[in-house]
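Structure, as structure tokens:
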Amino acid sequence: TYYVNEPATVRGVEFEYTINPFGNLVINGSTGYSKFWAPDIAARKVNRRQGNPFWTANAGVQYEFNVAPIGGSITPRIDWTYEDSQIVSPVSTAYNSLLPAHSQFNGRITFESARNGYTVALGATNLFNHFYWVNVFDYQTLGYPETMAQPAAPREWYLSVSKKF
């Protein structure tokens with residue numbers, strides 16, 4: 001049941017895949033759809049839709065290059081995530097009640113030493129430094145004249161080093 005204890009209907013489907021068309025190429029990801037419906041949504045004056053996104057998706061592609069002269073492999077990888085639009089408030093129309101859909105890309109290149117058992121990876125999240133809101137909370141439904149929002153993190157770089165014993 002929904003938060004007001006009314007009967008609700010939730011329907012959805014998710015499709016996951018991993019494809020290895022040849023050699024060291026790997027493509028994987030998922031796509032999901034969800035539909036939530038409850039009597040209180042039908043009774044709303046504005047924003048007659050569920051709060052969470054209808055569609056979500058992600059995909060990744062990587063290829064492992066075996067490099068014998070350096071005794072290991074180099075694997076570049078790129079990942080993509082997508083989230084459909086969402087409503088911010090079921091009752092307020094101020095501050096753009098629809099949170100737009102957004103995509104984000106992350107990238108990484110990894111060196112793995114077969115001889116010495118260590119791995120070094122250099123990567124970046126939010127690769128194209130795309131600005132979007134992660135979440136928004138509209139206090140106007142509680143009587144306060146404000147809306148708070150959390151922006152996504154900007155592009156961030158990382159270096160990861162690990163050793164297997």
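Chains: A, B, ... in order of the structure tokens. Residues: from 1 per chain. Ligands: from 1, in order shown.
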
task = For range 24-34 of chain A, list every protein, DNA or RNA residue within 12 Å, evaluated using only C-alpha atoms, and leave out those in the same chain fewer than 6 positions away; present the list as a ChimeraX atom specification.
result = /A:9-18,49-66,73-84

ask   = Do you know which residues are at most 7 Å from Glu112 in chain A counting only C-alpha atoms, after dropping those on the same chain fewer than 2 positions away, and could you put them as JSON, numbers by chain?
value = {"A": [72, 73, 74, 110, 114, 118, 119, 120]}

query = Counting only C-alpha atoms, what is within 8 Å of range 142-153 of chain A, bar same-chain residues fewer than 5 positions away, as a ChimeraX atom specification?
reply = /A:95,126,131-137

message = DSSP on the backbone, helix (DSSP H, G or I) only: what residues of chain A does that give? Format it as an MDAnalysis selection string.
response = chainID A and resid 39:43 68:70 139:142

task = Run DSSP on the backbone of this structure and report the residues of chain A it assigns to strand (DSSP E or B), as a PyMOL selection string.
result = chain A and resi 9-19+25-37+55-63+65-67+72-83+86-87+98-99+102-113+118-125+133-138+147-151+156-163
